[in-house]
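*Asks:* Please see the structure below; I have some questions.
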Amino acid sequence: MKIRFALIAGALLWVSVAMAQPYTSALGRFQVDQIKGCAPFTVTLTNLLAGNCNGANPCSMDFEGSGQQTLNLFTFQYNTPGVYNLQVLYQGQGADNITITVTENIQPNFEIYSCANSDVTIKVLEKSYQQLVIDFNDGDPEVLIPSGNNAIAYNDYATPGNKTIAVRGLNISSADNCDSKVQTFNALAALPAPTITKLTTLDKARIQLDFSTQPHIQYRLEIAVNSAGPFQQLATLYEPSTYTTGGLNTEVNFYCFRLSAYDACNGFNTYSNVICSPKFDLSIQSGTNQLTWATANTSIQSTEVERDGATHAVIPGAPTSFNDIDIECKTDYCYRIINRYAGGVRSESLGFCGTSFKIDNPPAITNASSVVTSEGLSIEWIQDPGSAPANYDILISNNGETFTNLGTSPTTKFLHKGYLPASNFTYRINYTDECDNKSQEGIVINPIQMTGTMDNNIVTLTWTVYEGWANGVSDYIIDKFDLQGKLYQSINAGINTTYVDDDADPDHQFISYRIRARANQSGVTTSISNSMNFIKESKIFFPTAFSPNGDQLNDQFFVSGQFIVKMELSIFNRWGELIFTTNKKGETWDGTFNGKPVAEDAYVWSAEVTDLAGRTYKESGTVALLRRKR
């Protein structure tokens with residue numbers, strides 16, 4: 001039975017193309033056969049006003065609205081897309097007009113999806129038209145469908161073989177004169193299974209797949225991670241020869257793929273072979289470069305170990321490891337695993353490179369820096385580039401006693417959480433290389449220990465000499481931080497280990513100090529001491545007497561001081577009555593109460609003060625008010 005339909009918004013549609021009707025001008029004096037069409041677009045004028053537009057009574061035609069007129073021209077071809085005002089001027093009657101629209105002549109692009117049983121599905125990608133006309137060229141009427149995301153049509157050919165499909169665009173109230181896009185394809189009795197011919201792991205996140213496929217078939221690519229769970233659809237492909245997928249983690253997982261030829265008419269899949277990526281890892285060990293990998297072993301016939309771009313070994317079956325002992329010291333080797341399947345199909349792993357070591361008498365660690373942090377003492381050191389040890393041994397001594405093991409680190413950093421600034425700990429770093437050769441004894445590391453005192457807001461700092469650098473200390477830098485932890489001053493103390501800070505500095509009541517040591521050797525990180533915090537005292541100043549008599553001398557009473565942020569001042573008479581109060585910093589008392597001068601007497605004042613360090617405290621005292629004559 002012959003099946004032919006289009007799927008539009010979930011409904012079946014089969015419509016033939018309708019014939020256009022003449023279009024009448026604005027005043028009804030003439031008609032045209034079409035008012036819209038694709039370029040080149042020809043219009044013909046008919047039914048002109050009786051008795052006009054002949055040899056005796058000629059009419060002027062302006063087809064493009066450009067002012068260029070032609071007498072008694074009844075057919076005109078528009079070659080350029082645009083909107084035109086076609087005007088006919090009658091002698092003694094005036095002008096009449098109609099709008100002509102000429103659109104770009106676009107051949108609609110479409111994809112052909114071959115299905116089994118000589119069925120076919122097409123999807124039109126062009127969306128500039130309002131409608132699409134499809135001719136399957138099998139003797140049946142053309143199919144008319146709306147344009148859009150679901151511009152899909154189906155057809156069932158009676159026999160397989162070469163077929164031709166033509167698709168053209170059509171707009172509503174428009175001439176059917178747009179050019180068709182014509183494609184040929186081979187209708188199939190059954191969809192052939194595709195083949196994934198090669199898998200290449202490009203990098204940590206991407207895998208490239210190469211395919212053997214046929215034209216005019218829709219394919220679906222599926223993926224499974226570590227062979228766990230069912231395959232999941234990854235991508236829909238059309239006539240693919242290669243595909244690269246990203247967002248993977250090839251160092252942690254291996255991935256399996258299969259490709260299906262998808263029957264878009266009936267919803268069936270014809271699957272390809274399954275191919276999986278090898279998750280490959282290279283471990284450089286003493287005298288051995290150890291290769292290990294994991295993958296799904298199904299259908300693997302042999303495994304090739306590729307070294308430096310050439311075949312190094314071919315192992316039958318599906319092994320998961322290989323130890324390369326045919327190596328030389330301090331030589332770089334690059335490896336890749338290639339799993340071979342039947343029919344020449346191959347899966348290539350990510351490549352890894354490493355350097356083999358057989359080192360005698362590795363050099364000592366002679367440049368190490370230490371930084372005192374809130375978590376403890378952080379030690380960082382420089383490793384000779386000729387060695388790459390797997391672990392470092394961190395040794396510790398207390399008060400000059402024998403060094404004992406504190407811990408190990410796989411990197412050139414270590415944090416001693418039990419460090420105390422007041423301790424007498426010293427350290428050294430030793431290591432054993434990949435060939436089990438022990439290094440020479442590392443240099444002794446003696447962190448900077450800072451102590452300090454403050455007397456009358458003058459700070460004296462003292463610190464120990466830093467030890468841990470082969471070429472010693474270049475200079476010491478004193479860093480000063482404010483209450484918010486922001487560095488606001490750095491002072492170079494040279495090679496001195498003491499510093500007296502007698503800077504008055506009215507802006508910083510709280511000061512945190514740190515000592516930085518810089519090495520004579522370039523490329524060595526700085527060493528930093530423990531921090532010491534000091535809060536300078538905010539000193540209160542006030543007169544014990546004042547004379548508010550208007551002689552401009554000692555007329556006001558005030559309380560002031562250093563590092564004061566806020567102050568609330570209150571004054572009481574001998575009976576405890578509050579006669580003056582202010583919370584404005586710097587505001588004074590003029591010896592009045594309710595606008596009237598108070599009597600000579602002793603008055604009690606109280607001030608609640610907040611300083612720059614955020615501390616709040618109270619001060620109080622008495623002041624004698626004297627009214628001396630001027």
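By convention in this document, the chains of the structure tokens carry letters A, B, ... by their order, each chain's residues are numbered from 1, and ligands are numbered from 1 in the order they are shown.
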Give me the residues within 12 Å of Ile491 of chain A as a PyMOL selection string, counting only C-alpha atoms and dropping any in the same chain fewer than 5 places off.
*Replies:* chain A and resi 475-481+496+499-501+513-517
*Asks:* Applying 6 Å and only C-alpha atoms, which residues near Tyr129 of chain A remain after dropping the ones on its own chain fewer than 2 positions away? List them as a PyMOL selection string.
*Replies:* chain A and resi 127+131+169-171
*Asks:* Show which residues sit within 12 Å of Leu234 of chain A, as an mmCIF file with C-alpha atoms, in the first residue's frame. Count only C-alpha atoms, and ignore same-chain residues fewer than 5 positions away.
*Replies:*
```cif
data_model
loop_
_atom_site.group_PDB
_atom_site.id
_atom_site.type_symbol
_atom_site.label_atom_id
_atom_site.label_comp_id
_atom_site.auth_asym_id
_atom_site.auth_seq_id
_atom_site.Cartn_x
_atom_site.Cartn_y
_atom_site.Cartn_z
ATOM 1 C CA TYR A 219 22.991 7.800 12.696
ATOM 2 C CA ARG A 220 22.903 7.792 16.479
ATOM 3 C CA LEU A 221 26.092 7.592 18.529
ATOM 4 C CA GLU A 222 25.875 5.948 21.976
ATOM 5 C CA ILE A 223 28.307 5.871 24.919
ATOM 6 C CA ALA A 224 28.849 3.782 28.062
ATOM 7 C CA VAL A 225 31.283 4.662 30.871
ATOM 8 C CA TYR A 243 33.096 12.823 15.382
ATOM 9 C CA THR A 244 34.915 14.290 18.395
ATOM 10 C CA THR A 245 33.300 14.192 21.806
ATOM 11 C CA GLY A 246 34.462 16.365 24.705
ATOM 12 C CA GLY A 247 33.816 16.719 28.421
ATOM 13 C CA TYR A 255 34.570 4.840 27.359
ATOM 14 C CA CYS A 256 32.772 2.434 24.996
ATOM 15 C CA PHE A 257 30.924 3.543 21.853
ATOM 16 C CA ARG A 258 28.572 2.111 19.266
ATOM 17 C CA LEU A 259 26.907 3.702 16.238
ATOM 18 C CA SER A 260 23.466 2.827 14.900
#
```
*Asks:* From the options A:Ala26, A:Ile275, A:Ile196, A:Val124, which residue's atoms come nearest to Pro240 of chain A, counting only C-alpha atoms?
*Replies:*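 Result for the nearest residue to Pro240 of chain A: A:Ile196.
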*Asks:* I'd like the contact shell of Lys585 of chain A - 7 Å cut-off, only C-alpha atoms, skipping same-chain residues fewer than 2 positions apart - returned as an mmCIF file with N, CA and C atoms, in the first residue's frame.
*Replies:*
```cif
data_model
loop_
_atom_site.group_PDB
_atom_site.id
_atom_site.type_symbol
_atom_site.label_atom_id
_atom_site.label_comp_id
_atom_site.auth_asym_id
_atom_site.auth_seq_id
_atom_site.Cartn_x
_atom_site.Cartn_y
_atom_site.Cartn_z
ATOM 1 N N LYS A 566 35.825 57.540 68.959
ATOM 2 C CA LYS A 566 34.544 58.045 69.431
ATOM 3 C C LYS A 566 34.635 58.300 70.926
ATOM 4 N N MET A 567 33.975 59.362 71.377
ATOM 5 C CA MET A 567 33.995 59.654 72.814
ATOM 6 C C MET A 567 32.675 60.314 73.210
ATOM 7 N N ASN A 583 28.415 63.593 72.327
ATOM 8 C CA ASN A 583 29.085 62.429 71.731
ATOM 9 C C ASN A 583 29.835 62.827 70.463
ATOM 10 N N GLU A 587 34.113 68.228 70.744
ATOM 11 C CA GLU A 587 33.213 69.286 71.228
ATOM 12 C C GLU A 587 33.580 69.649 72.678
#
```
*Asks:* Point out the residue among A:Lys618, A:Lys123, A:Arg518, A:His508 with the least atom-to-atom distance to Asn492 of chain A, counting only C-alpha atoms.
*Replies:*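 Nearest to Asn492 of chain A: A:Arg518.
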*Asks:* Mind checking which residues fall within 6 Å of segment 405-409 of chain A, counting only C-alpha atoms, ignoring those fewer than 4 positions away in the same chain, and posting them as a VMD selection string?
*Replies:* chain A and resid 391 to 396
*Asks:* Return the single residue from A:Tyr238, A:Phe563, A:Phe542, A:Tyr431 that is closest to Gly621 of chain A, with distances computed using only C-alpha atoms.
*Replies:*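 Looking at the shortest contact to Gly621 of chain A, the residue is A:Phe542.
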*Asks:* One number please: atom CA of Ile207 of chain A to atom CA of Glu306 of chain A, in Å, one decimal.
*Replies:*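 Taking atom CA of Ile207 of chain A as the start and atom CA of Glu306 of chain A as the end point, the length is 18.4 Å.
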*Asks:* Ranking A:Tyr271, A:Thr80, A:Cys265, A:Gly37 by minimum distance to Asn177 of chain A and counting only C-alpha atoms, which one comes first?
*Replies:*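 That would be A:Gly37, the residue with the smallest distance to Asn177 of chain A.
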*Asks:* Please provide as a short mmCIF file (atom, residue, chain, number, x, y, z; two decimals) with C-alpha atoms, in the first residue's frame all residues within 7 Å of Thr581 of chain A, with the sequence filter that same-chain residues fewer than 3 positions apart are discarded (counting only C-alpha atoms).
*Replies:*
```
data_model
loop_
_atom_site.label_atom_id
_atom_site.label_comp_id
_atom_site.auth_asym_id
_atom_site.auth_seq_id
_atom_site.Cartn_x
_atom_site.Cartn_y
_atom_site.Cartn_z
CA LEU A 569 31.64 63.22 77.45
CA SER A 570 29.35 63.98 80.43
CA ILE A 571 29.76 66.67 83.14
#
```
*Asks:* Give me the residues near Glu64 of chain A as a list in words, where near means some atom within 8 Å (using only C-alpha atoms) and where sequence neighbours in that chain fewer than 2 positions away do not count.
*Replies:*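 Those residues are Asp62, Ser66, Gly67, Gln68, Tyr84, Asn85 and Leu86 of chain A.
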*Asks:* What does the distance between atom CA of Glu401 of chain A and atom CA of Ile443 of chain A come to in Å, to one decimal place?
*Replies:*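 That distance, rounded to one decimal, is 15.7 Å.
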*Asks:* Using Å and a single decimal, report how far atom CA of Ala422 of chain A sits from atom CA of Thr366 of chain A.
*Replies:*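 Interatomic distance, atom CA of Thr366 of chain A to atom CA of Ala422 of chain A: 24.9 Å.
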*Asks:* Please, which residues in segment 182-300 of chain A fall within 12 Å of segment 328-347 of chain A when counting only C-alpha atoms, and what is the closest atom pair and distance in Å to one decimal for each, ordered by chain then residue number, as a Markdown table?
*Replies:*
```
| residue | atom | partner | partner_atom | distance |
| --- | --- | --- | --- | --- |
| A:Thr195 | CA | A:Val345 | CA | 8.8 |
| A:Ile196 | CA | A:Val345 | CA | 7.4 |
| A:Thr197 | CA | A:Val345 | CA | 4.8 |
| A:Lys198 | CA | A:Arg346 | CA | 5.1 |
| A:Leu199 | CA | A:Ser347 | CA | 4.5 |
| A:Thr200 | CA | A:Ser347 | CA | 6.1 |
| A:Thr201 | CA | A:Ser347 | CA | 8.1 |
| A:Leu202 | CA | A:Ser347 | CA | 11.4 |
| A:Ile207 | CA | A:Ser347 | CA | 10.2 |
| A:Gln208 | CA | A:Ser347 | CA | 10.0 |
| A:Leu209 | CA | A:Ser347 | CA | 9.2 |
| A:Asp210 | CA | A:Val345 | CA | 9.9 |
| A:Phe211 | CA | A:Val345 | CA | 10.2 |
| A:Ser212 | CA | A:Val345 | CA | 10.8 |
| A:Phe254 | CA | A:Ser347 | CA | 11.3 |
| A:Tyr255 | CA | A:Ser347 | CA | 10.8 |
| A:Cys256 | CA | A:Ser347 | CA | 10.3 |
| A:Phe257 | CA | A:Ser347 | CA | 11.0 |
| A:Ser272 | CA | A:Val345 | CA | 11.9 |
| A:Asn273 | CA | A:Val345 | CA | 9.5 |
| A:Val274 | CA | A:Tyr341 | CA | 9.8 |
| A:Ile275 | CA | A:Ser347 | CA | 7.1 |
| A:Cys276 | CA | A:Ser347 | CA | 6.8 |
| A:Ser277 | CA | A:Ser347 | CA | 5.9 |
| A:Pro278 | CA | A:Ile337 | CA | 7.1 |
| A:Lys279 | CA | A:Ile337 | CA | 9.1 |
| A:Phe280 | CA | A:Ile337 | CA | 7.2 |
| A:Asp281 | CA | A:Arg336 | CA | 9.4 |
| A:Leu282 | CA | A:Tyr335 | CA | 7.9 |
| A:Ser283 | CA | A:Tyr335 | CA | 11.0 |
| A:Ile284 | CA | A:Tyr333 | CA | 9.9 |
| A:Gln285 | CA | A:Cys329 | CA | 11.2 |
| A:Ser286 | CA | A:Cys329 | CA | 9.6 |
| A:Gly287 | CA | A:Cys329 | CA | 8.0 |
| A:Thr288 | CA | A:Glu328 | CA | 9.6 |
| A:Asn289 | CA | A:Tyr333 | CA | 8.8 |
| A:Gln290 | CA | A:Tyr335 | CA | 10.4 |
| A:Leu291 | CA | A:Tyr335 | CA | 8.3 |
| A:Thr292 | CA | A:Ile337 | CA | 9.3 |
| A:Trp293 | CA | A:Ile337 | CA | 8.0 |
| A:Ala294 | CA | A:Ile337 | CA | 10.3 |
| A:Thr295 | CA | A:Asn339 | CA | 9.4 |
| A:Ala296 | CA | A:Asn339 | CA | 10.4 |
| A:Asn297 | CA | A:Asn339 | CA | 9.2 |
| A:Thr298 | CA | A:Tyr341 | CA | 9.2 |
| A:Ser299 | CA | A:Tyr341 | CA | 6.1 |
| A:Ile300 | CA | A:Tyr341 | CA | 4.9 |
```
